[in-house]
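> What follows is input11.pdb, made up of PDB, C-alpha atoms:
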```pdb
MODEL        1
ATOM      1  CA  MET A   1      -1.369  23.886   8.222
ATOM      2  CA  SER A   2      -3.928  24.091  10.898
ATOM      3  CA  SER A   3      -6.365  21.736   9.221
ATOM      4  CA  ARG A   4      -3.785  19.015   9.328
ATOM      5  CA  THR A   5      -3.073  19.569  13.003
ATOM      6  CA  ALA A   6      -6.753  19.330  13.754
ATOM      7  CA  VAL A   7      -7.006  16.165  11.783
ATOM      8  CA  SER A   8      -4.076  14.590  13.552
ATOM      9  CA  ALA A   9      -5.579  15.491  16.878
ATOM     10  CA  VAL A  10      -8.773  13.717  15.969
ATOM     11  CA  PHE A  11      -6.836  10.685  14.899
ATOM     12  CA  ARG A  12      -4.675  10.697  17.951
ATOM     13  CA  SER A  13      -7.583  10.797  20.324
ATOM     14  CA  ALA A  14      -9.943   8.509  18.543
ATOM     15  CA  LEU A  15      -8.036   6.258  16.266
ATOM     16  CA  ARG A  16      -6.660   3.908  18.831
ATOM     17  CA  PRO A  17      -5.660   1.090  16.591
ATOM     18  CA  ARG A  18      -7.149  -1.856  18.262
ATOM     19  CA  HIS A  19      -4.509  -4.281  19.151
ATOM     20  CA  ASN A  20      -5.975  -7.286  17.550
ATOM     21  CA  PRO A  21      -6.263 -10.239  19.890
ATOM     22  CA  LEU A  22      -7.685 -12.338  17.131
ATOM     23  CA  LEU A  23      -4.616 -12.086  15.049
ATOM     24  CA  SER A  24      -1.890 -11.862  17.602
ATOM     25  CA  SER A  25      -2.790 -14.760  19.780
ATOM     26  CA  ARG A  26      -3.323 -17.150  16.942
ATOM     27  CA  PHE A  27      -0.452 -16.218  14.744
ATOM     28  CA  SER A  28       2.546 -18.199  15.696
ATOM     29  CA  VAL A  29       6.033 -17.596  14.428
ATOM     30  CA  LEU A  30       5.881 -20.220  11.773
ATOM     31  CA  GLN A  31       6.482 -18.852   8.340
ATOM     32  CA  THR A  32       4.393 -20.377   5.655
ATOM     33  CA  ARG A  33       4.507 -19.534   2.013
ATOM     34  CA  LEU A  34       0.947 -20.535   1.425
ATOM     35  CA  LEU A  35      -1.798 -18.822   3.253
ATOM     36  CA  SER A  36      -3.281 -21.302   5.687
ATOM     37  CA  SER A  37      -7.021 -21.336   5.982
ATOM     38  CA  GLU A  38      -6.619 -20.269   9.558
ATOM     39  CA  THR A  39      -4.651 -17.212   8.559
ATOM     40  CA  ARG A  40      -7.092 -16.454   5.813
ATOM     41  CA  GLN A  41      -9.985 -16.605   8.246
ATOM     42  CA  ALA A  42      -8.185 -14.361  10.697
ATOM     43  CA  ILE A  43      -7.539 -11.828   7.953
ATOM     44  CA  ASP A  44     -11.148 -12.118   6.770
ATOM     45  CA  LYS A  45     -12.159 -11.067  10.257
ATOM     46  CA  ALA A  46      -9.629  -8.258  10.345
ATOM     47  CA  VAL A  47     -10.858  -6.921   7.010
ATOM     48  CA  ALA A  48     -14.437  -7.070   8.246
ATOM     49  CA  SER A  49     -13.672  -5.577  11.651
ATOM     50  CA  ALA A  50     -14.602  -2.029  10.567
ATOM     51  CA  PRO A  51     -15.950  -0.348   7.454
ATOM     52  CA  VAL A  52     -12.525   1.208   6.843
ATOM     53  CA  VAL A  53      -9.478  -0.919   7.582
ATOM     54  CA  LEU A  54      -5.866   0.015   7.011
ATOM     55  CA  PHE A  55      -3.050  -2.495   7.256
ATOM     56  CA  MET A  56      -0.038  -0.368   8.004
ATOM     57  CA  LYS A  57       3.413  -0.223   9.513
ATOM     58  CA  GLY A  58       3.203   1.312  12.931
ATOM     59  CA  THR A  59       0.143   2.945  14.393
ATOM     60  CA  PRO A  60      -1.885   5.950  13.237
ATOM     61  CA  GLU A  61      -0.177   7.989  15.959
ATOM     62  CA  THR A  62       3.307   6.795  15.109
ATOM     63  CA  PRO A  63       3.510   5.395  11.586
ATOM     64  CA  GLN A  64       6.791   3.596  10.966
ATOM     65  CA  CYS A  65       6.974   4.279   7.265
ATOM     66  CA  GLY A  66       6.333   7.257   5.030
ATOM     67  CA  PHE A  67       3.751   5.467   2.922
ATOM     68  CA  SER A  68       1.769   4.458   5.974
ATOM     69  CA  ARG A  69       2.012   8.001   7.296
ATOM     70  CA  ALA A  70       0.747   9.427   4.021
ATOM     71  CA  SER A  71      -2.152   6.985   4.003
ATOM     72  CA  ILE A  72      -3.222   7.993   7.492
ATOM     73  CA  GLN A  73      -3.008  11.641   6.503
ATOM     74  CA  ILE A  74      -5.202  11.061   3.471
ATOM     75  CA  LEU A  75      -7.823   9.269   5.564
ATOM     76  CA  GLY A  76      -7.669  12.150   8.035
ATOM     77  CA  LEU A  77      -8.113  14.753   5.310
ATOM     78  CA  GLN A  78     -11.038  12.773   3.978
ATOM     79  CA  GLY A  79     -12.673  13.022   7.387
ATOM     80  CA  VAL A  80     -12.985   9.314   7.945
ATOM     81  CA  ASN A  81     -14.978   8.681  11.081
ATOM     82  CA  PRO A  82     -12.605   7.197  13.662
ATOM     83  CA  GLN A  83     -15.411   5.014  14.929
ATOM     84  CA  LYS A  84     -15.610   3.376  11.550
ATOM     85  CA  PHE A  85     -11.899   2.870  11.230
ATOM     86  CA  THR A  86      -9.431   0.283  12.413
ATOM     87  CA  ALA A  87      -5.730   0.086  11.757
ATOM     88  CA  PHE A  88      -3.667  -3.073  12.012
ATOM     89  CA  ASN A  89       0.013  -2.759  12.646
ATOM     90  CA  VAL A  90       1.656  -5.460  10.566
ATOM     91  CA  LEU A  91       4.957  -4.918  12.348
ATOM     92  CA  GLU A  92       3.428  -6.514  15.406
ATOM     93  CA  ASP A  93       2.713  -9.710  13.607
ATOM     94  CA  GLU A  94       4.960 -11.327  11.053
ATOM     95  CA  GLU A  95       2.322 -13.732   9.848
ATOM     96  CA  LEU A  96      -0.112 -10.917   9.246
ATOM     97  CA  ARG A  97       2.625  -8.964   7.495
ATOM     98  CA  GLN A  98       3.237 -11.782   5.033
ATOM     99  CA  GLY A  99      -0.319 -13.072   4.995
ATOM    100  CA  ILE A 100      -1.949  -9.820   4.020
ATOM    101  CA  LYS A 101       0.248  -9.552   0.953
ATOM    102  CA  GLU A 102      -0.905 -12.899  -0.269
ATOM    103  CA  TYR A 103      -4.482 -12.345   0.806
ATOM    104  CA  SER A 104      -4.751  -9.135  -1.186
ATOM    105  CA  GLU A 105      -2.398 -10.262  -3.941
ATOM    106  CA  TRP A 106      -0.566  -7.026  -3.295
ATOM    107  CA  PRO A 107       3.103  -7.056  -2.358
ATOM    108  CA  THR A 108       3.361  -3.851  -0.386
ATOM    109  CA  ILE A 109       1.988  -2.203   2.732
ATOM    110  CA  PRO A 110      -0.063  -0.125   3.520
ATOM    111  CA  GLN A 111      -3.263  -1.597   2.164
ATOM    112  CA  LEU A 112      -6.684  -0.031   2.428
ATOM    113  CA  TYR A 113      -9.961  -1.902   2.606
ATOM    114  CA  VAL A 114     -13.344  -0.205   2.516
ATOM    115  CA  ASP A 115     -16.421  -2.270   3.175
ATOM    116  CA  ASN A 116     -14.476  -5.508   2.707
ATOM    117  CA  GLU A 117     -13.182  -4.408  -0.689
ATOM    118  CA  PHE A 118      -9.510  -3.892  -1.407
ATOM    119  CA  VAL A 119      -8.981  -0.308  -2.534
ATOM    120  CA  GLY A 120      -5.218  -0.163  -2.953
ATOM    121  CA  GLY A 121      -2.002   1.198  -1.527
ATOM    122  CA  THR A 122      -0.774   4.734  -0.980
ATOM    123  CA  ASP A 123      -0.387   5.686  -4.643
ATOM    124  CA  ILE A 124      -3.939   4.684  -5.413
ATOM    125  CA  MET A 125      -5.253   6.410  -2.301
ATOM    126  CA  MET A 126      -3.375   9.542  -3.313
ATOM    127  CA  SER A 127      -4.640   9.465  -6.841
ATOM    128  CA  MET A 128      -8.222   8.820  -5.695
ATOM    129  CA  HIS A 129      -7.838  11.577  -3.119
ATOM    130  CA  GLN A 130      -6.829  13.990  -5.848
ATOM    131  CA  ASP A 131      -9.476  13.092  -8.387
ATOM    132  CA  GLY A 132     -12.292  13.012  -5.855
ATOM    133  CA  SER A 133     -13.104   9.329  -6.223
ATOM    134  CA  LEU A 134     -11.961   8.502  -2.716
ATOM    135  CA  ALA A 135     -14.292  11.120  -1.225
ATOM    136  CA  LYS A 136     -17.099   9.709  -3.326
ATOM    137  CA  LEU A 137     -16.410   6.157  -2.225
ATOM    138  CA  LEU A 138     -16.168   7.075   1.453
ATOM    139  CA  GLU A 139     -19.351   9.095   1.275
ATOM    140  CA  GLU A 140     -21.225   6.306  -0.445
ATOM    141  CA  LYS A 141     -20.132   3.943   2.271
ATOM    142  CA  ASP A 142     -21.167   6.448   4.916
ATOM    143  CA  VAL A 143     -17.876   6.354   6.771
ATOM    144  CA  VAL A 144     -17.033  10.037   7.010
ATOM    145  CA  VAL A 145     -17.661  12.284   9.963
ATOM    146  CA  PRO A 146     -20.929  14.165   9.390
ATOM    147  CA  ALA A 147     -20.431  17.747   8.256
ATOM    148  CA  GLU A 148     -20.124  20.175  11.119
ATOM    149  CA  GLY A 149     -22.688  22.809  11.988
ATOM    150  CA  GLY A 150     -25.623  20.567  11.317
ATOM    151  CA  ASP A 151     -26.669  20.150  14.910
ATOM    152  CA  ALA A 152     -29.950  21.966  15.013
TER     153      ALA A 152
ATOM    154  CA  MET B   1      27.515  -0.530  -5.597
ATOM    155  CA  ALA B   2      29.630  -1.767  -8.459
ATOM    156  CA  SER B   3      30.711  -4.743  -6.424
ATOM    157  CA  ARG B   4      27.486  -6.676  -6.721
ATOM    158  CA  ALA B   5      27.817 -10.337  -7.478
ATOM    159  CA  SER B   6      27.735 -11.590 -11.010
ATOM    160  CA  GLY B   7      24.277 -12.154 -12.373
ATOM    161  CA  ALA B   8      23.353  -8.687 -11.301
ATOM    162  CA  MET B   9      25.092  -6.944 -14.135
ATOM    163  CA  LEU B  10      22.452  -4.328 -14.366
ATOM    164  CA  SER B  11      21.444  -2.133 -11.538
ATOM    165  CA  ARG B  12      18.016  -2.865 -10.156
ATOM    166  CA  ALA B  13      16.764   0.207 -11.970
ATOM    167  CA  GLY B  14      18.043  -1.334 -15.188
ATOM    168  CA  ARG B  15      16.355  -4.638 -14.473
ATOM    169  CA  ILE B  16      13.107  -2.907 -13.594
ATOM    170  CA  ARG B  17      13.306  -1.032 -16.864
ATOM    171  CA  SER B  18      13.860  -4.093 -18.996
ATOM    172  CA  ARG B  19      11.148  -6.097 -17.212
ATOM    173  CA  LEU B  20       8.557  -3.392 -17.597
ATOM    174  CA  GLN B  21       9.592  -2.687 -21.131
ATOM    175  CA  SER B  22       9.256  -6.291 -22.204
ATOM    176  CA  SER B  23       6.207  -7.411 -20.281
ATOM    177  CA  LEU B  24       4.145  -4.231 -20.446
ATOM    178  CA  GLU B  25       5.445  -2.798 -23.699
ATOM    179  CA  ALA B  26       5.804   0.574 -22.064
ATOM    180  CA  SER B  27       5.604   3.482 -24.455
ATOM    181  CA  ALA B  28       7.101   5.755 -21.834
ATOM    182  CA  LEU B  29       8.988   4.765 -18.747
ATOM    183  CA  GLU B  30      10.666   6.751 -16.005
ATOM    184  CA  ILE B  31      12.440   5.006 -13.186
ATOM    185  CA  GLU B  32      13.924   6.839 -10.280
ATOM    186  CA  ASP B  33      15.905   5.240  -7.495
ATOM    187  CA  VAL B  34      14.887   7.032  -4.314
ATOM    188  CA  SER B  35      16.459   4.559  -1.920
ATOM    189  CA  HIS B  36      18.657   7.285  -0.462
ATOM    190  CA  GLN B  37      15.521   8.943   0.915
ATOM    191  CA  HIS B  38      14.948   5.862   2.997
ATOM    192  CA  ALA B  39      18.465   5.205   4.129
ATOM    193  CA  GLY B  40      17.573   4.829   7.787
ATOM    194  CA  HIS B  41      14.627   2.596   7.087
ATOM    195  CA  ALA B  42      14.803  -0.852   8.678
ATOM    196  CA  ALA B  43      14.064  -2.717   5.444
ATOM    197  CA  VAL B  44      16.892  -0.885   3.713
ATOM    198  CA  ARG B  45      19.365  -1.764   6.404
ATOM    199  CA  GLU B  46      18.269  -5.400   6.286
ATOM    200  CA  SER B  47      18.718  -5.749   2.571
ATOM    201  CA  GLY B  48      22.142  -4.173   2.726
ATOM    202  CA  ALA B  49      22.392  -3.317  -0.922
ATOM    203  CA  GLY B  50      20.413  -0.122  -1.239
ATOM    204  CA  GLU B  51      18.195  -0.137  -4.325
ATOM    205  CA  THR B  52      15.065  -0.665  -2.303
ATOM    206  CA  HIS B  53      12.768   2.247  -3.126
ATOM    207  CA  PHE B  54      11.807   3.315  -6.617
ATOM    208  CA  ASN B  55       9.429   5.673  -8.311
ATOM    209  CA  VAL B  56       8.050   4.300 -11.545
ATOM    210  CA  LYS B  57       6.084   6.213 -14.118
ATOM    211  CA  ILE B  58       4.861   4.014 -16.888
ATOM    212  CA  VAL B  59       2.647   4.516 -19.895
ATOM    213  CA  SER B  60       1.292   1.393 -21.537
ATOM    214  CA  SER B  61      -1.644   0.569 -23.729
ATOM    215  CA  LYS B  62      -2.023  -2.588 -21.634
ATOM    216  CA  PHE B  63      -3.582  -0.409 -18.914
ATOM    217  CA  GLU B  64      -6.526   0.506 -21.089
ATOM    218  CA  GLY B  65      -9.862  -0.289 -19.516
ATOM    219  CA  LYS B  66      -8.169  -1.378 -16.297
ATOM    220  CA  SER B  67      -8.687  -0.099 -12.772
ATOM    221  CA  LEU B  68      -5.796   1.378 -10.835
ATOM    222  CA  VAL B  69      -5.579  -1.775  -8.763
ATOM    223  CA  SER B  70      -5.298  -3.947 -11.864
ATOM    224  CA  ARG B  71      -2.698  -1.650 -13.391
ATOM    225  CA  HIS B  72      -0.571  -1.733 -10.273
ATOM    226  CA  ARG B  73      -0.925  -5.504 -10.100
ATOM    227  CA  LEU B  74       0.407  -5.772 -13.644
ATOM    228  CA  VAL B  75       3.446  -3.760 -12.611
ATOM    229  CA  TYR B  76       3.930  -5.780  -9.441
ATOM    230  CA  ASP B  77       3.566  -9.046 -11.359
ATOM    231  CA  ALA B  78       6.200  -7.984 -13.847
ATOM    232  CA  LEU B  79       8.543  -7.205 -10.972
ATOM    233  CA  ALA B  80       7.752 -10.199  -8.781
ATOM    234  CA  ASP B  81      11.339 -11.457  -8.814
ATOM    235  CA  GLU B  82      12.701  -8.102  -7.761
ATOM    236  CA  LEU B  83      10.132  -7.815  -4.992
ATOM    237  CA  ARG B  84      11.261 -11.156  -3.673
ATOM    238  CA  ALA B  85      14.878 -10.106  -3.902
ATOM    239  CA  GLY B  86      14.843  -6.982  -1.785
ATOM    240  CA  LEU B  87      12.870  -4.429  -3.766
ATOM    241  CA  HIS B  88      10.882  -2.969  -0.928
ATOM    242  CA  ALA B  89       8.681  -0.177  -2.198
ATOM    243  CA  LEU B  90       7.444   1.142  -5.481
ATOM    244  CA  SER B  91       5.609   4.326  -6.073
ATOM    245  CA  ILE B  92       3.683   3.718  -9.266
ATOM    246  CA  VAL B  93       2.042   6.067 -11.719
ATOM    247  CA  ALA B  94       0.432   3.947 -14.428
ATOM    248  CA  LYS B  95      -1.255   5.647 -17.356
ATOM    249  CA  THR B  96      -2.566   4.765 -20.767
ATOM    250  CA  PRO B  97      -1.235   6.562 -23.856
ATOM    251  CA  GLN B  98      -4.593   8.258 -24.170
ATOM    252  CA  GLU B  99      -4.440   9.619 -20.637
ATOM    253  CA  VAL B 100      -1.106  11.295 -21.213
ATOM    254  CA  ALA B 101      -1.884  12.559 -24.705
ATOM    255  CA  PRO B 102      -2.059  16.346 -24.939
ATOM    256  CA  LYS B 103      -5.660  17.416 -25.157
TER     257      LYS B 103
ENDMDL
END
```
So that I can check it, write out the structure of this file as structure tokens.

Amino acid sequence: MSSRTAVSAVFRSALRPRHNPLLSSRFSVLQTRLLSSETRQAIDKAVASAPVVLFMKGTPETPQCGFSRASIQILGLQGVNPQKFTAFNVLEDEELRQGIKEYSEWPTIPQLYVDNEFVGGTDIMMSMHQDGSLAKLLEEKDVVVPAEGGDA
Amino acid sequence: MASRASGAMLSRAGRIRSRLQSSLEASALEIEDVSHQHAGHAAVRESGAGETHFNVKIVSSKFEGKSLVSRHRLVYDALADELRAGLHALSIVAKTPQEVAPK
């Protein structure tokens, strides 16, 4: 489908997932069961780093899991503005990978946040994509690319 | 497959079924093991045993008045032990009896 190719191209060029210095440098290898306040603060910052934040496996260009891939595709179809989007690759950071599950009280990845609010994982994104509530949410938060053809 | 250690008499699908049945009083429940679709997946190789990816369709009156996130959390909570023990991914469809009733 050509629309999908176009969408991927937009994502590829503009959705450089920022490698997150905040998280990577501070997260050591130690594995804690309880979320340390330091980890929590780092994740707070990650969640707040853009209006739309996806914690995923791999990068938007090369997702490492089908659920993460599907989530990126949904965000692409929704026309999320790449400038308002950040992806965090949990595979790069074991403490983030574990920490985000506890932080969100959600045991799986990917996880979508919009405007600091946890939205859900792939199933919820898919269901909201289908019933129109995701489009509504993203529009309300003003995070979609403006409709084309409006440049007078 | 059949050689799992004692204590795991039921397949994971069976355990998922009984957990969801008892804690969420599911009025309809479909569980599908789709681990084979993820055979090359790193998490599957790590866990060794297969039984990592499941599709769950559940109808329960306990979902009434609850957001999707809350419904999924109820399912995840019921399956916390399995998630700790190698269950890697769940695709969840969680409906109320009313939502699936023929109109």
> Could you work out how far atom CA of B:Val69 lies from atom CA of A:Asp131, giving the answer in Å with one decimal?
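Straight-line distance from atom CA of A:Asp131 to atom CA of B:Val69 works out to 15.4 Å.
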> Select, counting all atoms listed in the file, all protein, DNA and RNA residues no farther than 12 Å from (-9.1, -8.4, 8.8) in file coordinates, and express the selection as a PDB file with C-alpha atoms, in the frame of the given file.

```
ATOM      1  CA  ARG A  18      -7.149  -1.856  18.262  1.00  0.00           C
ATOM      2  CA  ASN A  20      -5.975  -7.286  17.550  1.00  0.00           C
ATOM      3  CA  PRO A  21      -6.263 -10.239  19.890  1.00  0.00           C
ATOM      4  CA  LEU A  22      -7.685 -12.338  17.131  1.00  0.00           C
ATOM      5  CA  LEU A  23      -4.616 -12.086  15.049  1.00  0.00           C
ATOM      6  CA  SER A  24      -1.890 -11.862  17.602  1.00  0.00           C
ATOM      7  CA  THR A  39      -4.651 -17.212   8.559  1.00  0.00           C
ATOM      8  CA  ARG A  40      -7.092 -16.454   5.813  1.00  0.00           C
ATOM      9  CA  GLN A  41      -9.985 -16.605   8.246  1.00  0.00           C
ATOM     10  CA  ALA A  42      -8.185 -14.361  10.697  1.00  0.00           C
ATOM     11  CA  ILE A  43      -7.539 -11.828   7.953  1.00  0.00           C
ATOM     12  CA  ASP A  44     -11.148 -12.118   6.770  1.00  0.00           C
ATOM     13  CA  LYS A  45     -12.159 -11.067  10.257  1.00  0.00           C
ATOM     14  CA  ALA A  46      -9.629  -8.258  10.345  1.00  0.00           C
ATOM     15  CA  VAL A  47     -10.858  -6.921   7.010  1.00  0.00           C
ATOM     16  CA  ALA A  48     -14.437  -7.070   8.246  1.00  0.00           C
ATOM     17  CA  SER A  49     -13.672  -5.577  11.651  1.00  0.00           C
ATOM     18  CA  ALA A  50     -14.602  -2.029  10.567  1.00  0.00           C
ATOM     19  CA  PRO A  51     -15.950  -0.348   7.454  1.00  0.00           C
ATOM     20  CA  VAL A  52     -12.525   1.208   6.843  1.00  0.00           C
ATOM     21  CA  VAL A  53      -9.478  -0.919   7.582  1.00  0.00           C
ATOM     22  CA  LEU A  54      -5.866   0.015   7.011  1.00  0.00           C
ATOM     23  CA  PHE A  55      -3.050  -2.495   7.256  1.00  0.00           C
ATOM     24  CA  PHE A  85     -11.899   2.870  11.230  1.00  0.00           C
ATOM     25  CA  THR A  86      -9.431   0.283  12.413  1.00  0.00           C
ATOM     26  CA  ALA A  87      -5.730   0.086  11.757  1.00  0.00           C
ATOM     27  CA  PHE A  88      -3.667  -3.073  12.012  1.00  0.00           C
ATOM     28  CA  ASN A  89       0.013  -2.759  12.646  1.00  0.00           C
ATOM     29  CA  VAL A  90       1.656  -5.460  10.566  1.00  0.00           C
ATOM     30  CA  LEU A  96      -0.112 -10.917   9.246  1.00  0.00           C
ATOM     31  CA  ARG A  97       2.625  -8.964   7.495  1.00  0.00           C
ATOM     32  CA  GLY A  99      -0.319 -13.072   4.995  1.00  0.00           C
ATOM     33  CA  ILE A 100      -1.949  -9.820   4.020  1.00  0.00           C
ATOM     34  CA  TYR A 103      -4.482 -12.345   0.806  1.00  0.00           C
ATOM     35  CA  SER A 104      -4.751  -9.135  -1.186  1.00  0.00           C
ATOM     36  CA  GLN A 111      -3.263  -1.597   2.164  1.00  0.00           C
ATOM     37  CA  LEU A 112      -6.684  -0.031   2.428  1.00  0.00           C
ATOM     38  CA  TYR A 113      -9.961  -1.902   2.606  1.00  0.00           C
ATOM     39  CA  VAL A 114     -13.344  -0.205   2.516  1.00  0.00           C
ATOM     40  CA  ASP A 115     -16.421  -2.270   3.175  1.00  0.00           C
ATOM     41  CA  ASN A 116     -14.476  -5.508   2.707  1.00  0.00           C
ATOM     42  CA  GLU A 117     -13.182  -4.408  -0.689  1.00  0.00           C
ATOM     43  CA  PHE A 118      -9.510  -3.892  -1.407  1.00  0.00           C
TER      44      PHE A 118
END
```
> Any idea which chain A residues end up within 12 Å of chain B if we count all atoms listed in the file, as a ChimeraX atom specification please?
/A:57,64-68,91,98,101,104-112,117-128,133
> Spell out the residues picked by the PyMOL selection byres ((chain B and resi 14) around 12) here, as a ChimeraX atom specification.
/B:8-13,15-21,29-33,51,54,79,82
> For the point (-4.5, 10.3, -23.5) in the file's frame, write as a ChimeraX atom specification all residues with an atom no more than 12 Å away, counting all atoms listed in the file.
/B:59-61,63-64,95-103
> State, in Å with one decimal place, the distance from atom CA of A:Gly79 to atom CA of A:Glu139.
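Pair atom CA of A:Gly79 / atom CA of A:Glu139 returns 9.9 Å.
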> Starting from the incomplete input, reconstruct N, CA and C atoms of stretch 105-125 of chain A and write that as a compact mmCIF listing (two decimals), in the frame of the given file.

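Output (selection_19.txt):
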```
# COMPACT_ATOMS: atom_id res chain seq x y z
N GLU A 105 -3.21 -10.19 -2.72
CA GLU A 105 -2.40 -10.26 -3.94
C GLU A 105 -1.80 -8.90 -4.23
N TRP A 106 -1.13 -8.38 -3.24
CA TRP A 106 -0.57 -7.03 -3.30
C TRP A 106 0.71 -7.05 -2.47
N PRO A 107 1.85 -6.76 -3.06
CA PRO A 107 3.10 -7.06 -2.36
C PRO A 107 3.57 -6.00 -1.37
N THR A 108 2.86 -4.91 -1.26
CA THR A 108 3.36 -3.85 -0.39
C THR A 108 2.33 -3.43 0.65
N ILE A 109 2.80 -2.72 1.63
CA ILE A 109 1.99 -2.20 2.73
C ILE A 109 2.25 -0.70 2.79
N PRO A 110 1.29 0.13 3.02
CA PRO A 110 -0.06 -0.12 3.52
C PRO A 110 -1.05 -0.64 2.47
N GLN A 111 -2.15 -1.15 3.00
CA GLN A 111 -3.26 -1.60 2.16
C GLN A 111 -4.57 -1.12 2.79
N LEU A 112 -5.40 -0.55 1.95
CA LEU A 112 -6.68 -0.03 2.43
C LEU A 112 -7.84 -0.91 1.97
N TYR A 113 -8.70 -1.22 2.91
CA TYR A 113 -9.96 -1.90 2.61
C TYR A 113 -11.12 -1.01 3.02
N VAL A 114 -12.12 -0.91 2.16
CA VAL A 114 -13.34 -0.20 2.52
C VAL A 114 -14.50 -1.16 2.26
N ASP A 115 -15.27 -1.40 3.31
CA ASP A 115 -16.42 -2.27 3.18
C ASP A 115 -16.01 -3.63 2.57
N ASN A 116 -14.97 -4.19 3.12
CA ASN A 116 -14.48 -5.51 2.71
C ASN A 116 -13.83 -5.56 1.33
N GLU A 117 -13.77 -4.42 0.66
CA GLU A 117 -13.18 -4.41 -0.69
C GLU A 117 -11.79 -3.80 -0.64
N PHE A 118 -10.86 -4.44 -1.32
CA PHE A 118 -9.51 -3.89 -1.41
C PHE A 118 -9.52 -2.65 -2.30
N VAL A 119 -9.00 -1.56 -1.77
CA VAL A 119 -8.98 -0.31 -2.53
C VAL A 119 -7.61 -0.08 -3.17
N GLY A 120 -6.56 -0.33 -2.39
CA GLY A 120 -5.22 -0.16 -2.95
C GLY A 120 -4.23 0.28 -1.90
N GLY A 121 -3.06 0.69 -2.39
CA GLY A 121 -2.00 1.20 -1.53
C GLY A 121 -1.97 2.73 -1.58
N THR A 122 -0.86 3.28 -1.11
CA THR A 122 -0.77 4.73 -0.98
C THR A 122 -0.93 5.48 -2.31
N ASP A 123 -0.30 4.97 -3.36
CA ASP A 123 -0.39 5.69 -4.64
C ASP A 123 -1.83 5.79 -5.12
N ILE A 124 -2.55 4.70 -4.96
CA ILE A 124 -3.94 4.68 -5.41
C ILE A 124 -4.79 5.58 -4.52
N MET A 125 -4.52 5.52 -3.21
CA MET A 125 -5.25 6.41 -2.30
C MET A 125 -5.00 7.86 -2.68
```
